[in-house]
file target.cif (mmCIF, C-alpha atoms)
data_structure
loop_
_atom_site.label_atom_id
_atom_site.label_comp_id
_atom_site.auth_asym_id
_atom_site.auth_seq_id
_atom_site.Cartn_x
_atom_site.Cartn_y
_atom_site.Cartn_z
CA MET A 1 0.00 0.00 0.00
CA ILE A 2 2.77 2.42 0.97
CA LEU A 3 4.65 1.55 -2.22
CA PHE A 4 1.52 2.24 -4.27
CA LYS A 5 1.12 5.61 -2.55
CA ARG A 6 4.76 6.42 -3.19
CA ILE A 7 4.38 5.58 -6.88
CA LEU A 8 1.25 7.75 -7.03
CA SER A 9 3.22 10.61 -5.47
CA GLN A 10 5.53 10.52 -8.49
CA LEU A 11 2.70 10.19 -11.01
CA HIS A 12 3.12 13.76 -12.21
CA ARG A 13 6.74 13.03 -13.20
CA TYR A 14 5.70 9.93 -15.13
CA VAL A 15 2.97 11.81 -16.99
CA VAL A 16 5.24 14.75 -17.81
CA TRP A 17 7.96 12.42 -19.05
CA ALA A 18 5.51 10.52 -21.28
CA LEU A 19 4.43 13.80 -22.90
CA VAL A 20 8.00 15.07 -23.28
CA SER A 21 9.09 11.74 -24.71
CA ALA A 22 6.29 11.76 -27.32
CA LEU A 23 7.10 15.36 -28.31
CA ILE A 24 10.83 14.79 -28.63
CA CYS A 25 10.48 11.54 -30.57
CA GLY A 26 7.87 13.02 -32.87
CA PHE A 27 10.02 16.07 -33.55
CA VAL A 28 13.15 14.03 -34.25
CA PHE A 29 11.35 11.54 -36.47
CA PHE A 30 9.66 14.26 -38.52
CA ARG A 31 12.91 16.14 -38.98
CA VAL A 32 14.75 13.00 -40.07
CA THR A 33 12.09 11.63 -42.42
CA ASP A 34 10.86 14.83 -43.96
CA ALA A 35 12.44 17.58 -45.99
CA LYS A 36 11.63 21.17 -46.81
CA LYS A 37 9.32 21.82 -49.72
CA GLU A 38 12.30 22.96 -51.79
CA LYS A 39 14.02 19.60 -51.30
CA LYS A 40 11.17 17.20 -52.01
CA ILE A 41 8.65 16.31 -54.68
CA THR A 42 5.16 15.30 -53.58
CA ILE A 43 2.92 13.36 -55.93
CA TYR A 44 -0.77 12.89 -55.18
CA ALA A 45 -2.46 10.11 -57.14
CA ARG A 46 -6.24 9.96 -57.13
CA VAL A 47 -6.40 6.59 -58.85
CA PRO A 48 -7.97 3.23 -57.91
CA SER A 49 -4.70 1.81 -56.61
CA VAL A 50 -1.00 2.71 -56.47
CA SER A 51 2.00 1.17 -54.73
CA CYS A 52 3.21 4.33 -53.04
CA GLU A 53 6.30 2.98 -51.33
CA GLU A 54 7.64 1.03 -54.31
CA LEU A 55 6.98 3.91 -56.71
CA SER A 56 8.68 6.42 -54.37
CA LEU A 57 11.75 4.22 -54.16
CA GLU A 58 11.83 3.73 -57.94
CA LEU A 59 11.50 7.45 -58.68
CA GLU A 60 14.20 8.25 -56.10
CA LYS A 61 16.68 6.12 -58.03
CA ASN A 62 16.95 8.99 -60.51
CA LYS A 63 16.16 11.96 -58.31
CA PRO A 64 16.57 15.38 -59.89
CA GLU A 65 19.51 17.35 -58.53
CA GLY A 66 18.80 19.03 -55.21
CA ILE A 67 15.88 16.75 -54.35
CA LYS A 68 16.13 14.56 -51.24
CA LEU A 69 12.74 12.86 -51.21
CA ILE A 70 10.02 11.90 -53.64
CA ASN A 71 6.78 11.07 -51.80
CA VAL A 72 3.85 9.39 -53.46
CA HIS A 73 0.47 9.64 -51.72
CA HIS A 74 -2.68 7.83 -52.68
CA PHE A 75 -5.89 9.78 -52.52
CA SER A 76 -8.94 7.75 -51.76
CA TYR A 77 -11.53 10.31 -50.72
CA ASP A 78 -13.62 12.55 -52.87
CA LEU A 79 -12.63 16.01 -51.84
CA PHE A 80 -9.23 17.51 -52.36
CA GLY A 81 -8.21 19.05 -49.06
CA MET A 82 -6.52 22.43 -49.07
CA ASP A 83 -3.25 20.89 -47.83
CA VAL A 84 -3.01 18.91 -51.09
CA PHE A 85 -2.73 22.12 -53.05
CA GLU A 86 -0.27 23.54 -50.49
CA SER A 87 2.04 20.54 -50.39
CA GLY A 88 1.53 18.76 -53.73
CA ASP A 89 3.68 19.25 -56.81
CA VAL A 90 2.32 16.64 -59.21
CA PHE A 91 -1.21 15.24 -59.46
CA ILE A 92 -2.32 12.11 -61.23
CA ILE A 93 -6.04 12.71 -61.58
CA SER A 94 -8.98 11.93 -63.81
CA LYS A 95 -10.14 14.27 -66.53
CA SER A 96 -13.24 15.20 -64.54
CA ASP A 97 -11.16 16.02 -61.42
CA ALA A 98 -8.79 18.13 -63.53
CA GLU A 99 -11.70 20.11 -64.92
CA LEU A 100 -13.16 20.54 -61.43
CA TYR A 101 -9.91 21.79 -59.93
CA ARG A 102 -8.56 23.61 -62.97
CA ALA A 103 -7.95 26.77 -60.96
CA ASN A 104 -5.20 24.97 -59.03
CA LEU A 105 -3.46 23.55 -62.07
CA CYS A 106 -0.91 25.31 -64.24
CA GLU A 107 -0.49 25.50 -67.97
CA ILE A 108 2.36 23.34 -69.23
CA ALA A 109 4.17 22.63 -72.45
CA GLY A 110 2.40 20.03 -74.56
CA ARG A 111 3.74 16.56 -75.21
CA GLY A 112 1.39 15.29 -77.87
CA GLU A 113 -2.12 15.08 -79.24
CA ASN A 114 -3.45 13.35 -76.13
CA ASP A 115 -2.70 16.23 -73.77
CA LEU A 116 -5.47 17.53 -71.55
CA ILE A 117 -6.67 20.86 -72.78
CA ILE A 118 -8.82 23.06 -70.57
CA ASP A 119 -9.93 26.53 -71.71
CA GLY A 120 -7.53 26.31 -74.62
CA LYS A 121 -4.51 25.60 -72.41
CA VAL A 122 -2.52 22.39 -72.00
CA CYS A 123 -3.05 21.39 -68.38
CA GLY A 124 -2.01 17.74 -68.27
CA TRP A 125 -0.20 14.90 -69.94
CA LEU A 126 -2.06 11.66 -70.65
CA PHE A 127 -1.20 8.99 -68.10
CA TYR A 128 -3.97 6.39 -68.33
CA ASP A 129 -5.82 5.86 -71.59
CA ALA A 130 -9.35 4.67 -70.86
CA GLU A 131 -9.86 3.27 -74.36
CA SER A 132 -6.80 1.05 -74.46
CA ARG A 133 -6.77 0.65 -70.64
CA SER A 134 -3.03 1.18 -70.60
CA CYS A 135 -0.64 3.40 -68.69
CA PRO A 136 3.09 3.73 -68.07
CA ALA A 137 4.47 2.43 -64.77
CA SER A 138 1.74 -0.21 -64.90
CA SER A 139 3.56 -2.34 -62.33
CA TYR A 140 2.89 0.39 -59.77
CA PHE A 141 -0.67 1.34 -60.73
CA ASP A 142 -3.83 -0.70 -60.89
CA PHE A 143 -6.61 0.83 -62.94
CA THR A 144 -9.27 -1.74 -62.13
CA PHE A 145 -12.60 -0.05 -61.55
CA TYR A 146 -15.30 -1.33 -59.24
CA GLU A 147 -18.82 -0.07 -58.93
CA GLY A 148 -19.16 2.43 -56.13
CA ASP A 149 -15.42 2.90 -55.55
CA GLY A 150 -15.61 6.51 -56.61
CA TYR A 151 -13.47 6.11 -59.73
CA ALA A 152 -14.64 6.15 -63.31
CA ASN A 153 -13.00 4.55 -66.31
CA GLU A 154 -11.94 7.79 -67.96
CA ASP A 155 -8.61 9.25 -69.01
CA TYR A 156 -6.18 10.14 -66.22
CA TYR A 157 -3.59 12.86 -66.56
CA ILE A 158 -0.42 14.08 -64.92
CA CYS A 159 -1.00 17.69 -63.90
CA PHE A 160 1.06 20.21 -61.96
CA ASN A 161 0.21 22.46 -59.03
CA LYS A 162 0.40 26.08 -60.13
CA ASP A 163 2.00 26.92 -56.76
CA SER A 164 4.66 24.20 -56.91
CA VAL A 165 8.23 25.39 -56.40
CA HIS A 166 9.52 22.81 -58.85
CA ILE A 167 7.96 23.71 -62.21
CA GLY A 168 10.70 25.93 -63.57
CA ASP A 169 9.89 28.84 -65.89
CA ILE A 170 6.14 28.25 -65.67
CA ASN A 171 5.94 30.20 -62.41
CA GLY A 172 9.56 31.25 -61.96
CA SER A 173 10.48 28.28 -59.70
CA ALA A 174 14.13 27.66 -58.87
CA ASP A 175 14.06 24.29 -60.60
CA ASP A 176 11.86 22.07 -62.75
CA ALA A 177 12.28 18.91 -60.66
CA ALA A 178 8.54 18.19 -60.74
CA ILE A 179 8.57 18.20 -64.54
CA GLN A 180 11.65 15.93 -64.59
CA THR A 181 10.03 13.53 -62.10
CA ALA A 182 6.83 13.38 -64.15
CA GLU A 183 8.82 12.65 -67.31
CA HIS A 184 10.68 9.91 -65.44
CA LEU A 185 7.34 8.49 -64.28
CA LEU A 186 6.06 8.43 -67.85
CA SER A 187 9.14 6.49 -68.93
CA LEU A 188 8.61 3.69 -66.38
CA LYS A 189 7.15 0.33 -67.33
CA MET B 1 26.87 -6.68 36.38
CA ASP B 2 28.43 -5.84 33.09
CA LYS B 3 26.36 -3.43 31.11
CA GLN B 4 26.18 -3.95 27.40
CA ILE B 5 25.43 -1.05 25.09
CA ILE B 6 24.05 -1.91 21.67
CA GLU B 7 24.59 0.87 19.12
CA LEU B 8 21.91 0.88 16.44
CA TYR B 9 23.84 3.14 14.06
CA GLU B 10 27.39 2.40 12.98
CA LYS B 11 29.87 5.18 12.31
CA ASP B 12 30.37 4.22 8.69
CA GLU B 13 26.67 3.63 8.06
CA PRO B 14 26.06 7.00 6.36
CA CYS B 15 29.02 6.37 4.02
CA LEU B 16 27.81 2.91 3.13
CA LEU B 17 24.29 4.17 2.46
CA GLU B 18 25.58 7.02 0.30
CA LYS B 19 27.71 4.53 -1.60
CA ARG B 20 24.59 2.42 -2.18
CA ALA B 21 22.77 5.52 -3.42
CA ARG B 22 25.63 6.24 -5.83
CA ILE B 23 25.48 2.69 -7.17
CA TRP B 24 21.75 3.01 -7.84
CA ARG B 25 22.33 6.37 -9.55
CA ALA B 26 24.96 4.71 -11.73
CA VAL B 27 22.44 1.99 -12.64
CA ALA B 28 19.90 4.70 -13.51
CA LEU B 29 22.50 6.42 -15.68
CA GLY B 30 23.21 3.11 -17.40
CA VAL B 31 19.53 2.63 -18.14
CA ALA B 32 19.32 6.19 -19.49
CA PHE B 33 22.31 5.59 -21.74
CA LEU B 34 20.86 2.31 -22.97
CA THR B 35 17.52 3.97 -23.72
CA LEU B 36 19.27 6.74 -25.63
CA THR B 37 21.30 4.22 -27.63
CA VAL B 38 18.19 2.26 -28.61
CA CYS B 39 16.40 5.46 -29.63
CA VAL B 40 19.37 6.61 -31.70
CA LEU B 41 19.47 3.21 -33.43
CA LEU B 42 15.75 3.50 -34.18
CA VAL B 43 16.29 6.95 -35.68
CA ILE B 44 19.26 5.81 -37.77
CA ASN B 45 17.29 2.87 -39.16
CA ILE B 46 14.12 4.82 -39.87
CA ASN B 47 12.12 3.64 -42.83
CA ARG B 48 9.82 6.53 -43.65
CA PHE B 49 7.29 4.14 -45.12
CA HIS B 50 6.83 2.50 -41.70
CA PHE B 51 6.85 5.85 -39.95
CA ASN B 52 3.91 5.34 -37.59
CA LYS B 53 5.04 1.96 -36.31
CA GLU B 54 8.61 3.07 -35.80
CA LEU B 55 7.58 6.30 -34.10
CA ALA B 56 5.32 4.36 -31.72
CA ALA B 57 8.21 2.01 -30.91
CA ALA B 58 10.56 4.92 -30.24
CA ILE B 59 8.03 6.65 -27.98
CA ALA B 60 7.44 3.39 -26.09
CA VAL B 61 11.16 2.77 -25.57
CA CYS B 62 11.81 6.36 -24.57
CA THR B 63 8.85 6.50 -22.18
CA VAL B 64 9.54 3.19 -20.45
CA GLY B 65 13.25 3.97 -20.22
CA GLY B 66 12.51 7.34 -18.68
CA TRP B 67 10.06 5.88 -16.20
CA THR B 68 12.65 3.31 -15.16
CA VAL B 69 15.25 6.04 -14.62
CA ILE B 70 12.79 8.15 -12.60
CA SER B 71 11.86 5.15 -10.47
CA LEU B 72 15.48 4.14 -9.85
CA MET B 73 16.53 7.68 -8.97
CA HIS B 74 13.63 8.24 -6.64
CA PHE B 75 13.13 4.91 -4.94
CA PRO B 76 16.33 2.93 -4.29
CA ALA B 77 18.78 5.81 -4.80
CA GLY B 78 16.64 8.42 -3.08
CA ASP B 79 15.74 6.12 -0.23
CA SER B 80 19.39 5.22 0.44
CA HIS B 81 20.35 8.88 0.40
CA ASN B 82 17.57 9.77 2.83
CA GLU B 83 18.53 6.93 5.14
CA ALA B 84 22.14 8.12 5.04
CA ARG B 85 21.07 11.64 6.01
CA HIS B 86 18.94 10.26 8.84
CA ALA B 87 21.77 8.06 10.15
CA LYS B 88 24.22 10.96 9.97
CA ALA B 89 21.84 13.22 11.89
CA ILE B 90 21.42 10.57 14.60
CA LEU B 91 25.17 10.03 14.92
CA GLU B 92 25.92 13.74 15.13
CA ALA B 93 23.12 14.69 17.54
CA GLU B 94 23.43 14.98 21.28
CA ARG B 95 22.14 11.99 23.14
CA GLU B 96 19.45 11.91 25.76
CA THR B 97 19.45 9.17 28.39
CA VAL B 98 16.05 7.61 29.05
CA PRO B 99 16.06 4.92 31.73
CA GLY B 100 13.48 2.18 31.46
CA LYS B 101 12.21 -0.85 29.57
CA LEU B 102 11.59 -0.51 25.86
CA THR B 103 8.32 -1.75 24.37
CA VAL B 104 7.61 -1.66 20.65
CA THR B 105 4.16 -0.55 19.45
CA ASP B 106 2.46 -1.06 16.08
CA GLU B 107 2.30 2.62 15.24
CA ARG B 108 4.36 3.67 12.23
CA ILE B 109 5.47 6.86 10.54
CA TYR B 110 7.54 7.40 7.45
CA ILE B 111 10.41 9.84 7.35
CA LYS B 112 10.83 11.38 3.89
CA LYS B 113 8.32 8.75 2.77
CA ALA B 114 11.14 6.19 2.85
CA VAL B 115 12.46 5.41 6.33
CA THR B 116 9.93 3.52 8.40
CA MET B 117 9.85 4.36 12.08
CA ARG B 118 8.04 2.41 14.76
CA LYS B 119 6.85 4.03 17.93
CA VAL B 120 8.37 2.65 21.12
CA LEU B 121 7.51 3.31 24.74
CA VAL B 122 10.19 3.50 27.40
CA GLU B 123 8.64 2.77 30.77
CA ASN B 124 10.31 3.41 34.08
CA GLY B 125 7.81 2.85 36.84
CA GLU B 126 5.33 5.69 36.53
CA GLU B 127 7.15 7.53 33.80
CA LYS B 128 6.50 6.74 30.17
CA LYS B 129 8.29 8.31 27.24
CA SER B 130 7.60 7.68 23.59
CA LEU B 131 10.38 7.56 21.03
CA TRP B 132 10.79 6.30 17.48
CA ILE B 133 13.01 3.48 16.28
CA ASN B 134 14.10 2.66 12.73
CA GLU B 135 12.13 -0.44 11.80
CA ARG B 136 15.25 -1.95 10.18
CA LYS B 137 17.00 -1.82 13.55
CA LEU B 138 14.24 -3.58 15.47
CA GLY B 139 15.95 -6.95 15.16
CA ALA B 140 18.82 -5.69 17.28
CA VAL B 141 16.62 -4.96 20.28
CA LYS B 142 13.86 -7.54 19.96
CA GLY B 143 13.42 -9.68 23.03
CA LEU B 144 15.97 -7.73 25.06
CA GLU B 145 15.31 -6.39 28.54
CA THR B 146 16.56 -2.82 28.19
CA LYS B 147 17.68 -0.83 31.17
CA THR B 148 18.41 2.43 29.46
CA VAL B 149 17.64 3.86 26.06
CA TYR B 150 19.84 6.48 24.44
CA ALA B 151 17.89 8.78 22.14
CA ALA B 152 18.89 11.44 19.62
CA ASN B 153 16.34 13.88 18.22
CA GLY B 154 13.54 11.60 19.49
CA PHE B 155 14.93 8.49 17.80
CA VAL B 156 16.45 5.48 19.56
CA ALA B 157 20.21 5.52 18.90
CA ALA B 158 21.40 2.87 21.35
CA VAL B 159 20.13 0.68 24.17
CA GLU B 160 21.73 -0.63 27.31
CA VAL B 161 20.83 -4.13 28.46
#

call {"tool": "encode", "arguments": {"input": "target.cif", "output": "structure tokens"}}
result
Amino acid sequence: MILFKRILSQLHRYVVWALVSALICGFVFFRVTDAKKEKKITIYARVPSVSCEELSLELEKNKPEGIKLINVHHFSYDLFGMDVFESGDVFIISKSDAELYRANLCEIAGRGENDLIIDGKVCGWLFYDAESRSCPASSYFDFTFYEGDGYANEDYYICFNKDSVHIGDINGSADDAAIQTAEHLLSLK
Amino acid sequence: MDKQIIELYEKDEPCLLEKRARIWRAVALGVAFLTLTVCVLLVININRFHFNKELAAAIAVCTVGGWTVISLMHFPAGDSHNEARHAKAILEAERETVPGKLTVTDERIYIKKAVTMRKVLVENGEEKKSLWINERKLGAVKGLETKTVYAANGFVAAVEV
């Protein structure tokens, strides 16, 4: 009983230490695993399925100069949150999503006749062709559509965030690492 | 008749207790170092794709390690240090002679929440005086017919049989 009381008398120290420990570990882990916006490329893919970890590792094999991390995030809910447009550089989205969020996308140089054109401007490069059901990097993406999963069998495009700091002359960014990464992605099998 | 005086506190007792406290502090330091090493290894081997699991493991290791250090520093190390201070105070204090037979009661108090004291009554005919005795030292006086009790600061320091 006395031992229990003595332990209780130190309870405040145990609680404080638990909080301090969580804060310190969280801070250290975030600092080690993350990088500043200028040093990383963030790709958001609103597609049925994508192997985020494997694709990140593959893209990092040929990282653009000055880039430490390439993160791939899968989007599985309907609404684009504001943080996506603050943190994302590259989007892999359907044609209908691109038209819905056109205000957040930038005009880019065209690659071919299959480019996404919105309001007379090239806004995306074809990634998944709905007619032939094919896409590059097919070992990392699965475009199988199920009823009610929120995805439609339509064309998907690679688009760029107009506020990205990695799109070169388009918005005066210091580098065009996002463009390079997207081109690398399109070259994958 | 030869009188025999039983000293409850030895002269080197404070030193020995402080040494024990230092040993426990060294153990606590060892645990702290081990915890830090494990955490550093976890950070070095971070796989950002298993971030949540690895962060939870690091927090668990850090928290449990810290709790162990706090417990070691407060309980065995702190207790030994407090006992050393108590013994030193008894040895340095002036003694009071209380003639009579010593009887141990069941009443207890805790000094600095660590040192357990039992209340004793020293009876000499009509006079009764209450003192406290370190419960660890009870074995030395159990079953003895005391003639005189030597007290320091209200605590039994020695007995004469």

call {"tool": "resolve_selection", "arguments": {"input": "target.cif", "expression": "the PyMOL selection byres ((chain A) within 8 of (chain B))", "output": "ChimeraX atom specification"}}
result
/A:6,13-14,17-18,21-22,25-26,28-29,32-33,53

call {"tool": "resolve_selection", "arguments": {"input": "target.cif", "expression": "the PyMOL selection byres ((chain A and resi 148-158) around 9)", "output": "VMD selection string"}}
result
chain A and resid 45 to 48 76 to 78 90 to 96 98 115 to 116 123 to 131 133 143 to 147 159 to 160 182

call {"tool": "resolve_selection", "arguments": {"input": "target.cif", "expression": "the PyMOL selection byres ((chain A and resi 63) around 12)", "output": "list in words"}}
result
Lys39, Lys40, Ile41, Ser56, Leu57, Glu58, Leu59, Glu60, Lys61, Asn62, Pro64, Glu65, Gly66, Ile67, Lys68, Leu69, Ile70, Asn71, Asp176, Ala177, Ala178, Ile179, Gln180, Thr181, Ala182, Glu183, His184 and Leu185 of chain A

call {"tool": "closest_residue", "arguments": {"input": "target.cif", "among": "A:Ser187, A:Gln10, A:Asn161, A:Ser49", "to": "Glu107 in chain A", "atoms": "only C-alpha atoms"}}
result
A:Asn161

call {"tool": "atom_distance", "arguments": {"input": "target.cif", "atom1": "CA of Pro136 in chain A", "atom2": "CA of Lys36 in chain A"}}
result
28.8 Å

call {"tool": "axis_aligned_box", "arguments": {"input": "target.cif", "around": "range 88-98 of chain B", "padding_each_side": "5 Å", "output": "lines of an AutoDock Vina configuration file"}}
result
center_x = 21.0
center_y = 11.3
center_z = 19.5
size_x = 19.9
size_y = 17.4
size_z = 29.1

call {"tool": "atom_distance", "arguments": {"input": "target.cif", "atom1": "CA of Val165 in chain A", "atom2": "CA of Asp142 in chain A"}}
result
29.1 Å

call {"tool": "residues_around", "arguments": {"input": "target.cif", "residues": "Gly154 in chain B", "least_positions_apart": "5", "cutoff": "10 Å", "atoms": "all atoms listed in the file", "output": "list of chain:residue names"}}
result
B:Ile90, B:Arg95, B:Glu96, B:Lys129, B:Ser130, B:Leu131, B:Trp132, B:Ile133

call {"tool": "atom_distance", "arguments": {"input": "target.cif", "atom1": "CA of Ser139 in chain A", "atom2": "CA of Lys189 in chain A"}}
result
6.7 Å
